[in-house]
$ cat my_file.pdb   # PDB, C-alpha atoms and all ligand atoms
MODEL        1
ATOM      1  CA  MET A   1     117.896 109.893 111.227
ATOM      2  CA  SER A   2     117.973 106.962 108.795
ATOM      3  CA  VAL A   3     116.178 103.655 108.487
ATOM      4  CA  PRO A   4     117.260 100.378 106.875
ATOM      5  CA  ASP A   5     116.430  99.662 103.255
ATOM      6  CA  CYS A   6     113.358  97.447 102.863
ATOM      7  CA  GLY A   7     110.775  96.871 100.136
ATOM      8  CA  VAL A   8     107.408  95.125 100.407
ATOM      9  CA  SER A   9     106.207  92.276  98.168
ATOM     10  CA  PHE A  10     102.925  90.466  97.769
ATOM     11  CA  ASP A  11     103.675  86.987  96.489
ATOM     12  CA  ASN A  12     100.379  85.568  95.152
ATOM     13  CA  VAL A  13      98.460  86.642  98.235
ATOM     14  CA  SER A  14      94.839  85.603  98.382
ATOM     15  CA  LEU A  15      92.179  86.047 101.011
ATOM     16  CA  LYS A  16      88.432  86.307 101.328
ATOM     17  CA  LEU A  17      86.675  88.853 103.549
ATOM     18  CA  GLY A  18      82.897  88.615 103.558
ATOM     19  CA  GLN A  19      81.900  88.343  99.897
ATOM     20  CA  GLN A  20      85.112  89.935  98.602
ATOM     21  CA  ASN A  21      87.951  87.833  97.165
ATOM     22  CA  PHE A  22      91.387  89.410  97.009
ATOM     23  CA  ALA A  23      94.219  88.173  94.783
ATOM     24  CA  LEU A  24      97.264  90.409  95.117
ATOM     25  CA  LYS A  25     100.590  90.142  93.355
ATOM     26  CA  CYS A  26     102.661  93.326  93.412
ATOM     27  CA  GLY A  27     105.777  94.974  94.794
ATOM     28  CA  PHE A  28     106.559  98.228  96.608
ATOM     29  CA  GLU A  29     110.032  99.421  95.880
ATOM     30  CA  SER A  30     112.431 100.030  98.697
ATOM     31  CA  GLY A  31     112.975 103.704  99.523
ATOM     32  CA  LYS A  32     110.152 104.894  97.240
ATOM     33  CA  ILE A  33     106.686 106.354  97.812
ATOM     34  CA  THR A  34     104.030 104.225  96.108
ATOM     35  CA  ALA A  35     100.489 105.561  95.835
ATOM     36  CA  VAL A  36      97.876 102.853  96.414
ATOM     37  CA  VAL A  37      94.746 103.925  94.569
ATOM     38  CA  GLY A  38      91.495 102.497  93.283
ATOM     39  CA  PRO A  39      87.730 102.835  93.652
ATOM     40  CA  SER A  40      86.049 102.670  97.043
ATOM     41  CA  GLY A  41      85.928  99.035  98.196
ATOM     42  CA  SER A  42      88.719  97.915  95.837
ATOM     43  CA  GLY A  43      90.934  96.706  98.702
ATOM     44  CA  LYS A  44      93.370  99.528  99.507
ATOM     45  CA  SER A  45      92.944  99.406 103.293
ATOM     46  CA  THR A  46      92.970  95.617 103.189
ATOM     47  CA  LEU A  47      96.322  95.730 101.400
ATOM     48  CA  LEU A  48      97.764  97.968 104.137
ATOM     49  CA  ASN A  49      96.229  95.725 106.808
ATOM     50  CA  LEU A  50      98.006  92.728 105.279
ATOM     51  CA  VAL A  51     101.355  94.542 105.535
ATOM     52  CA  ALA A  52     100.641  95.765 109.073
ATOM     53  CA  GLY A  53      99.517  92.297 110.220
ATOM     54  CA  PHE A  54      95.876  93.149 111.003
ATOM     55  CA  GLU A  55      94.811  90.696 108.259
ATOM     56  CA  MET A  56      96.516  87.420 107.316
ATOM     57  CA  PRO A  57      96.603  85.852 103.818
ATOM     58  CA  ASP A  58      94.656  82.631 103.252
ATOM     59  CA  ALA A  59      97.464  81.721 100.832
ATOM     60  CA  GLY A  60     100.641  83.357  99.508
ATOM     61  CA  ARG A  61     103.188  85.498 101.308
ATOM     62  CA  VAL A  62     103.657  89.114 102.368
ATOM     63  CA  LEU A  63     107.380  89.889 102.500
ATOM     64  CA  ILE A  64     109.212  92.877 103.924
ATOM     65  CA  GLY A  65     112.669  92.805 102.441
ATOM     66  CA  ARG A  66     113.338  89.071 102.199
ATOM     67  CA  CYS A  67     111.450  88.286 105.385
ATOM     68  CA  ASP A  68     108.095  86.455 105.275
ATOM     69  CA  MET A  69     105.751  88.229 107.697
ATOM     70  CA  ALA A  70     103.658  85.074 108.384
ATOM     71  CA  GLY A  71     103.242  84.549 112.113
ATOM     72  CA  LEU A  72     104.548  88.019 113.072
ATOM     73  CA  ASP A  73     102.258  90.195 115.191
ATOM     74  CA  PRO A  74     101.741  93.827 114.123
ATOM     75  CA  SER A  75     104.113  94.968 116.891
ATOM     76  CA  GLU A  76     106.873  92.703 115.539
ATOM     77  CA  ARG A  77     106.752  94.131 112.009
ATOM     78  CA  PRO A  78     109.093  96.929 110.842
ATOM     79  CA  VAL A  79     106.097  99.140 110.108
ATOM     80  CA  SER A  80     104.677 102.452 111.289
ATOM     81  CA  LEU A  81     101.133 103.576 110.527
ATOM     82  CA  ILE A  82      99.295 106.836 110.032
ATOM     83  CA  PHE A  83      95.555 106.679 109.465
ATOM     84  CA  GLN A  84      92.988 109.327 108.675
ATOM     85  CA  ASP A  85      91.846 109.639 112.286
ATOM     86  CA  ASN A  86      95.476 109.765 113.535
ATOM     87  CA  ASN A  87      94.818 107.400 116.488
ATOM     88  CA  LEU A  88      96.101 109.756 119.170
ATOM     89  CA  PHE A  89      95.019 108.935 122.726
ATOM     90  CA  SER A  90      92.796 111.823 123.805
ATOM     91  CA  TYR A  91      93.750 111.653 127.504
ATOM     92  CA  LEU A  92      97.524 111.706 126.896
ATOM     93  CA  ASP A  93      99.523 114.813 126.021
ATOM     94  CA  ILE A  94     101.326 115.108 122.685
ATOM     95  CA  PHE A  95     104.765 114.245 124.101
ATOM     96  CA  THR A  96     103.367 111.040 125.633
ATOM     97  CA  ASN A  97     101.457 110.142 122.471
ATOM     98  CA  VAL A  98     104.661 110.454 120.446
ATOM     99  CA  GLY A  99     106.549 108.564 123.184
ATOM    100  CA  LEU A 100     104.252 105.582 122.614
ATOM    101  CA  GLY A 101     105.856 105.292 119.169
ATOM    102  CA  VAL A 102     109.196 104.617 120.870
ATOM    103  CA  SER A 103     108.014 102.437 123.751
ATOM    104  CA  PRO A 104     104.467 101.151 124.357
ATOM    105  CA  SER A 105     105.308 100.912 128.085
ATOM    106  CA  LEU A 106     106.614 104.508 128.010
ATOM    107  CA  ARG A 107     109.981 103.528 129.459
ATOM    108  CA  LEU A 108     111.888 106.349 127.814
ATOM    109  CA  SER A 109     115.630 106.958 128.047
ATOM    110  CA  ALA A 110     117.121 110.451 127.967
ATOM    111  CA  ASP A 111     118.005 109.825 124.285
ATOM    112  CA  ASP A 112     114.421 108.762 123.557
ATOM    113  CA  LYS A 113     113.125 111.957 125.142
ATOM    114  CA  MET A 114     115.517 113.981 123.033
ATOM    115  CA  ALA A 115     114.401 112.125 119.870
ATOM    116  CA  ILE A 116     110.739 112.866 120.718
ATOM    117  CA  GLY A 117     111.511 116.561 121.195
ATOM    118  CA  ASP A 118     113.428 116.567 117.884
ATOM    119  CA  ALA A 119     110.592 114.828 116.014
ATOM    120  CA  LEU A 120     108.043 117.315 117.374
ATOM    121  CA  ALA A 121     110.264 120.214 116.361
ATOM    122  CA  ARG A 122     110.755 118.596 112.919
ATOM    123  CA  VAL A 123     106.992 118.591 112.261
ATOM    124  CA  GLY A 124     106.579 122.143 113.609
ATOM    125  CA  LEU A 125     105.117 121.201 116.999
ATOM    126  CA  GLY A 126     107.912 122.406 119.274
ATOM    127  CA  GLY A 127     106.220 123.774 122.429
ATOM    128  CA  PHE A 128     103.134 121.532 122.008
ATOM    129  CA  GLU A 129     104.538 118.778 124.266
ATOM    130  CA  ARG A 130     102.079 119.175 127.161
ATOM    131  CA  ARG A 131      98.977 119.917 125.080
ATOM    132  CA  LEU A 132      96.145 117.388 124.789
ATOM    133  CA  PRO A 133      95.129 116.298 121.255
ATOM    134  CA  SER A 134      91.722 117.986 121.645
ATOM    135  CA  THR A 135      93.454 121.385 121.872
ATOM    136  CA  LEU A 136      95.174 120.909 118.498
ATOM    137  CA  SER A 137      93.797 121.540 115.013
ATOM    138  CA  GLY A 138      93.252 118.611 112.624
ATOM    139  CA  GLY A 139      96.466 119.434 110.775
ATOM    140  CA  GLU A 140      98.453 119.680 114.009
ATOM    141  CA  ARG A 141      97.095 116.311 115.151
ATOM    142  CA  GLN A 142      98.176 114.725 111.867
ATOM    143  CA  ARG A 143     101.635 116.235 112.322
ATOM    144  CA  ALA A 144     101.791 114.722 115.828
ATOM    145  CA  ALA A 145     100.902 111.342 114.280
ATOM    146  CA  LEU A 146     103.706 111.874 111.774
ATOM    147  CA  ALA A 147     106.139 112.651 114.633
ATOM    148  CA  ARG A 148     105.086 109.407 116.325
ATOM    149  CA  ALA A 149     105.755 107.480 113.114
ATOM    150  CA  LEU A 150     109.133 109.219 112.787
ATOM    151  CA  VAL A 151     110.421 108.255 116.214
ATOM    152  CA  ARG A 152     109.599 104.602 115.488
ATOM    153  CA  GLN A 153     112.256 104.628 112.756
ATOM    154  CA  ARG A 154     110.641 101.700 110.933
ATOM    155  CA  SER A 155     111.647 100.996 107.370
ATOM    156  CA  VAL A 156     108.052 100.805 106.080
ATOM    157  CA  MET A 157     105.476 103.564 106.586
ATOM    158  CA  LEU A 158     101.793 102.942 105.844
ATOM    159  CA  LEU A 159      99.574 105.982 105.340
ATOM    160  CA  ASP A 160      95.835 105.460 104.866
ATOM    161  CA  GLU A 161      94.358 108.712 103.537
ATOM    162  CA  PRO A 162      96.381 110.753 106.033
ATOM    163  CA  PHE A 163      95.227 114.081 104.589
ATOM    164  CA  ALA A 164      91.541 113.204 104.187
ATOM    165  CA  ALA A 165      90.299 115.351 107.072
ATOM    166  CA  LEU A 166      92.411 118.374 106.113
ATOM    167  CA  ASP A 167      91.462 121.386 104.033
ATOM    168  CA  PRO A 168      93.411 122.012 100.787
ATOM    169  CA  GLY A 169      96.005 124.350 102.377
ATOM    170  CA  LEU A 170      96.791 121.908 105.169
ATOM    171  CA  ARG A 171      96.837 118.974 102.716
ATOM    172  CA  SER A 172      99.482 120.712 100.717
ATOM    173  CA  GLY A 173     101.529 121.580 103.869
ATOM    174  CA  MET A 174     101.371 117.971 105.128
ATOM    175  CA  ALA A 175     102.310 116.656 101.696
ATOM    176  CA  THR A 176     105.360 118.943 101.571
ATOM    177  CA  LEU A 177     106.396 117.837 105.064
ATOM    178  CA  LEU A 178     105.970 114.176 104.186
ATOM    179  CA  LYS A 179     108.060 114.634 101.050
ATOM    180  CA  GLU A 180     110.843 116.410 102.975
ATOM    181  CA  LEU A 181     110.920 113.701 105.628
ATOM    182  CA  HIS A 182     110.945 110.983 102.995
ATOM    183  CA  ASP A 183     113.863 112.643 101.197
ATOM    184  CA  GLU A 184     115.719 112.421 104.511
ATOM    185  CA  LEU A 185     114.645 108.940 105.633
ATOM    186  CA  LYS A 186     114.313 107.161 102.282
ATOM    187  CA  ASN A 187     111.843 104.744 103.838
ATOM    188  CA  THR A 188     109.386 102.624 101.873
ATOM    189  CA  VAL A 189     106.028 104.405 101.898
ATOM    190  CA  LEU A 190     102.623 102.994 100.878
ATOM    191  CA  LEU A 191     100.207 105.916 100.594
ATOM    192  CA  VAL A 192      96.488 105.292 100.121
ATOM    193  CA  THR A 193      94.851 108.294  98.517
ATOM    194  CA  HIS A 194      91.817 109.247  96.424
ATOM    195  CA  HIS A 195      93.516 112.334  94.984
ATOM    196  CA  PRO A 196      95.411 112.457  91.691
ATOM    197  CA  ASP A 197      97.183 115.578  93.073
ATOM    198  CA  ASP A 198      98.744 113.515  95.885
ATOM    199  CA  ILE A 199     100.066 111.049  93.310
ATOM    200  CA  ARG A 200     101.603 113.852  91.248
ATOM    201  CA  ARG A 201     103.236 115.670  94.136
ATOM    202  CA  LEU A 202     104.355 112.728  96.248
ATOM    203  CA  ALA A 203     104.516 109.363  94.543
ATOM    204  CA  HIS A 204     107.273 107.667  92.548
ATOM    205  CA  LYS A 205     105.111 104.653  91.703
ATOM    206  CA  VAL A 206     101.435 103.697  91.545
ATOM    207  CA  VAL A 207      99.570 100.484  92.356
ATOM    208  CA  PHE A 208      95.926 100.658  91.222
ATOM    209  CA  LEU A 209      93.411  98.165  92.610
ATOM    210  CA  SER A 210      90.021  97.156  91.359
ATOM    211  CA  ASN A 211      87.760  94.583  92.963
ATOM    212  CA  GLY A 212      90.554  93.036  95.057
ATOM    213  CA  HIS A 213      93.036  92.785  92.157
ATOM    214  CA  VAL A 214      95.973  94.855  90.933
ATOM    215  CA  VAL A 215      95.055  96.290  87.532
ATOM    216  CA  TYR A 216      98.020  98.679  87.175
ATOM    217  CA  GLU A 217     101.496  98.735  88.685
ATOM    218  CA  GLY A 218     104.125 101.135  87.388
ATOM    219  CA  GLU A 219     105.549 104.636  87.105
ATOM    220  CA  VAL A 220     103.522 107.770  87.842
ATOM    221  CA  GLU A 221     103.859 109.225  84.314
ATOM    222  CA  ASP A 222     102.678 105.976  82.725
ATOM    223  CA  PHE A 223      99.755 105.805  85.156
ATOM    224  CA  PHE A 224      98.377 109.123  83.957
ATOM    225  CA  ALA A 225      98.685 107.840  80.394
ATOM    226  CA  ALA A 226      97.061 104.461  81.149
ATOM    227  CA  THR A 227      93.663 105.655  80.001
ATOM    228  CA  ARG A 228      92.921 102.357  78.224
ATOM    229  CA  VAL A 229      91.999 100.949  81.668
ATOM    230  CA  GLU A 230      88.382 101.939  82.292
ATOM    231  CA  GLU A 231      88.706 102.154  86.097
ATOM    232  CA  ILE A 232      91.723 104.468  85.757
ATOM    233  CA  ARG A 233      89.813 106.712  83.338
ATOM    234  CA  THR A 234      86.999 106.940  85.882
ATOM    235  CA  PHE A 235      89.460 107.672  88.719
ATOM    236  CA  LEU A 236      91.061 110.447  86.667
ATOM    237  CA  ALA A 237      87.579 111.749  85.748
ATOM    238  CA  LEU A 238      88.439 111.594  82.021
TER     239      LEU A 238
HETATM  240  N1  LIG B 301      86.530  92.388 107.859
HETATM  241  C1  LIG B 301      85.800  92.390 106.743
HETATM  242  N2  LIG B 301      84.709  91.590 106.617
HETATM  243  C2  LIG B 301      83.973  91.579 105.485
HETATM  244  N3  LIG B 301      84.254  92.321 104.395
HETATM  245  C3  LIG B 301      85.321  93.142 104.465
HETATM  246  C4  LIG B 301      86.140  93.211 105.635
HETATM  247  N4  LIG B 301      87.141  94.110 105.400
HETATM  248  C5  LIG B 301      86.931  94.582 104.147
HETATM  249  N5  LIG B 301      85.855  93.995 103.592
HETATM  250  C6  LIG B 301      85.320  94.243 102.250
HETATM  251  O1  LIG B 301      86.392  94.187 101.339
HETATM  252  C7  LIG B 301      86.281  95.199 100.347
HETATM  253  C8  LIG B 301      87.524  96.066 100.336
HETATM  254  O2  LIG B 301      87.541  96.872 101.515
HETATM  255  P1  LIG B 301      88.705  97.949 101.773
HETATM  256  O3  LIG B 301      88.346  98.662 103.028
HETATM  257  O4  LIG B 301      90.016  97.280 101.701
HETATM  258  O5  LIG B 301      88.510  98.895 100.503
HETATM  259  P2  LIG B 301      89.141 100.328 100.213
HETATM  260  O6  LIG B 301      89.640 100.275  98.797
HETATM  261  O7  LIG B 301      90.118 100.706 101.257
HETATM  262  O8  LIG B 301      87.838 101.240 100.276
HETATM  263  P3  LIG B 301      87.633 102.818 100.660
HETATM  264  O9  LIG B 301      88.330 103.603  99.584
HETATM  265  O10 LIG B 301      86.150 102.979 100.590
HETATM  266  O11 LIG B 301      88.196 103.032 102.030
HETATM  267  C9  LIG B 301      85.002  95.952 100.674
HETATM  268  O12 LIG B 301      83.965  95.423  99.862
HETATM  269  C10 LIG B 301      84.753  95.658 102.130
HETATM  270  O13 LIG B 301      83.377  95.685 102.439
ENDMDL
END

$ encode --input "my_file.pdb" --output "structure tokens"
Amino acid sequence: MSVPDCGVSFDNVSLKLGQQNFALKCGFESGKITAVVGPSGSGKSTLLNLVAGFEMPDAGRVLIGRCDMAGLDPSERPVSLIFQDNNLFSYLDIFTNVGLGVSPSLRLSADDKMAIGDALARVGLGGFERRLPSTLSGGERQRAALARALVRQRSVMLLDEPFAALDPGLRSGMATLLKELHDELKNTVLLVTHHPDDIRRLAHKVVFLSNGHVVYEGEVEDFFAATRVEEIRTFLAL
């Protein structure tokens, strides 16, 4: 399984939501995992929403590769999403939930069905095809969401605190799985997290937001040394 090479850029993006002004200028390198971090309310989810197409800039451009995303609906963007609450449909079995990643109308070819079975096996859910989400543990549900993102084969993957509801053992297992899959797919991943451990074990790069602005963009090692920035010191509990 491989996906095309594609980075994400924010070219002087601005928008206002309620009382909050956002001014975002940053890049997410193709084929790398970038941790998107910052205090609560700093704009991390908004940044992902701008890439996914759930929010539109008032000015500036969001680009995927060289392509301006303006005017493209979420379904038209080369993006897959995994959120904290995994967004599985409770009344559909796991196979069907993953199938929705391939085709929203569930018109599935024999190859599609094989790819769904492979993705489920890949995340350790072989044999779970006919189970309803409510019969799975939190970690298993997140793995099903990961399988759904995998079968979409989109070049950009957006993860908004995907491990937040998991206990430390499951967090670590999901992180290892995500890393393995990324090594295989080499997709561009934007990972929102509150945990320095996730940055250390998963990320190649860091974008740190504060109050709707990017206050740090760079390598992981430099981020942990960037203690001159007060918000980063607070985040790292230094
Ligand atoms: N639709 C909206 N209308 C009004 N204000 C909004 C809207 N969406 C976000 N905001 C505000 O923008 C700011 C950034 O929100 P966002 O959810 O992006 O932050 P976050 O960094 O993801 O926070 P958290 O870590 O708590 O999830 C917050 O002050 C929030 O209240």

$ axis_aligned_box --input "my_file.pdb" --around "ligand LIG 301 (chain B)" --padding-each-side "5 Å" --output "AutoDock Vina command-line options"
--center_x 86.7 --center_y 97.6 --center_z 103.3 --size_x 16.7 --size_y 22.0 --size_z 19.1

$ resolve_selection --input "my_file.pdb" --expression "the PyMOL selection byres (((not hetatm)) within 8 of (chain B and resi 301))" --output "PyMOL selection string"
chain A and resi 16-21+37-47+192+194+209+211-212

$ write_last_selection --input "my_file.pdb" --atoms "C-alpha atoms" --output "tab-separated table (two decimals), in the coordinates of the input"
chain	number	residue	atom	x	y	z
A	16	LYS	CA	88.43	86.31	101.33
A	17	LEU	CA	86.68	88.85	103.55
A	18	GLY	CA	82.90	88.62	103.56
A	19	GLN	CA	81.90	88.34	99.90
A	20	GLN	CA	85.11	89.94	98.60
A	21	ASN	CA	87.95	87.83	97.16
A	37	VAL	CA	94.75	103.92	94.57
A	38	GLY	CA	91.50	102.50	93.28
A	39	PRO	CA	87.73	102.84	93.65
A	40	SER	CA	86.05	102.67	97.04
A	41	GLY	CA	85.93	99.04	98.20
A	42	SER	CA	88.72	97.92	95.84
A	43	GLY	CA	90.93	96.71	98.70
A	44	LYS	CA	93.37	99.53	99.51
A	45	SER	CA	92.94	99.41	103.29
A	46	THR	CA	92.97	95.62	103.19
A	47	LEU	CA	96.32	95.73	101.40
A	192	VAL	CA	96.49	105.29	100.12
A	194	HIS	CA	91.82	109.25	96.42
A	209	LEU	CA	93.41	98.16	92.61
A	211	ASN	CA	87.76	94.58	92.96
A	212	GLY	CA	90.55	93.04	95.06

$ residues_around --input "my_file.pdb" --residues "A:Leu88" --least-positions-apart "3" --cutoff "12 Å" --atoms "all atoms listed in the file" --output "ChimeraX atom specification"
/A:81-85,91-101,132-134,136,138,140-149

$ atom_distance --input "my_file.pdb" --atom1 "atom CA of A:Thr227" --atom2 "atom CA of A:Phe208"
12.5 Å

$ closest_residue --input "my_file.pdb" --among "A:Leu125, A:Ile232, A:Leu166, A:Val13" --to "A:Ser210" --atoms "all atoms listed in the file"
A:Ile232

$ atom_distance --input "my_file.pdb" --atom1 "atom CA of A:Thr176" --atom2 "atom CA of A:Gly124"
12.5 Å

$ atom_distance --input "my_file.pdb" --atom1 "atom CA of A:Asp222" --atom2 "atom CA of A:Phe10"
21.6 Å

$ resolve_selection --input "my_file.pdb" --expression "the PyMOL selection byres (((chain A and resi 196) around 10) and not hetatm)" --output "PyMOL selection string"
chain A and resi 35+37+193-195+197-201+224+235-237

$ closest_residue --input "my_file.pdb" --among "A:His182, A:Gly27, A:Val189, A:Phe89" --to "A:Arg131" --atoms "all atoms listed in the file"
A:Phe89

$ residues_around --input "my_file.pdb" --residues "A:Met174" --least-positions-apart "3" --cutoff "8 Å" --atoms "only C-alpha atoms" --output "ChimeraX atom specification"
/A:139,143,163,170-171,177-178

$ residues_around --input "my_file.pdb" --residues "A:Gly60" --least-positions-apart "5" --cutoff "12 Å" --atoms "all atoms listed in the file" --output "list in words"
Ser9, Phe10, Asp11, Asn12, Val13, Ser14, Leu15, Phe22, Ala23, Leu24, Lys25, Cys26, Leu50, Asp68, Met69 and Ala70 of chain A

$ resolve_selection --input "my_file.pdb" --expression "the PyMOL selection byres (((chain A and resi 73) around 12) and not hetatm)" --output "PDB file with C-alpha atoms, in the coordinates of the input"
ATOM      1  CA  ASN A  49      96.229  95.725 106.808  1.00  0.00           C
ATOM      2  CA  LEU A  50      98.006  92.728 105.279  1.00  0.00           C
ATOM      3  CA  VAL A  51     101.355  94.542 105.535  1.00  0.00           C
ATOM      4  CA  ALA A  52     100.641  95.765 109.073  1.00  0.00           C
ATOM      5  CA  GLY A  53      99.517  92.297 110.220  1.00  0.00           C
ATOM      6  CA  PHE A  54      95.876  93.149 111.003  1.00  0.00           C
ATOM      7  CA  GLU A  55      94.811  90.696 108.259  1.00  0.00           C
ATOM      8  CA  MET A  56      96.516  87.420 107.316  1.00  0.00           C
ATOM      9  CA  MET A  69     105.751  88.229 107.697  1.00  0.00           C
ATOM     10  CA  ALA A  70     103.658  85.074 108.384  1.00  0.00           C
ATOM     11  CA  GLY A  71     103.242  84.549 112.113  1.00  0.00           C
ATOM     12  CA  LEU A  72     104.548  88.019 113.072  1.00  0.00           C
ATOM     13  CA  PRO A  74     101.741  93.827 114.123  1.00  0.00           C
ATOM     14  CA  SER A  75     104.113  94.968 116.891  1.00  0.00           C
ATOM     15  CA  GLU A  76     106.873  92.703 115.539  1.00  0.00           C
ATOM     16  CA  ARG A  77     106.752  94.131 112.009  1.00  0.00           C
ATOM     17  CA  PRO A  78     109.093  96.929 110.842  1.00  0.00           C
ATOM     18  CA  VAL A  79     106.097  99.140 110.108  1.00  0.00           C
TER      19      VAL A  79
END

$ closest_residue --input "my_file.pdb" --among "A:His204, A:Val36, A:Gly7, A:Arg152" --to "A:Asp112" --atoms "only C-alpha atoms"
A:Arg152

$ closest_residue --input "my_file.pdb" --among "A:Val8, A:Glu184, A:Leu238, A:Val206" --to "A:Arg61" --atoms "only C-alpha atoms"
A:Val8
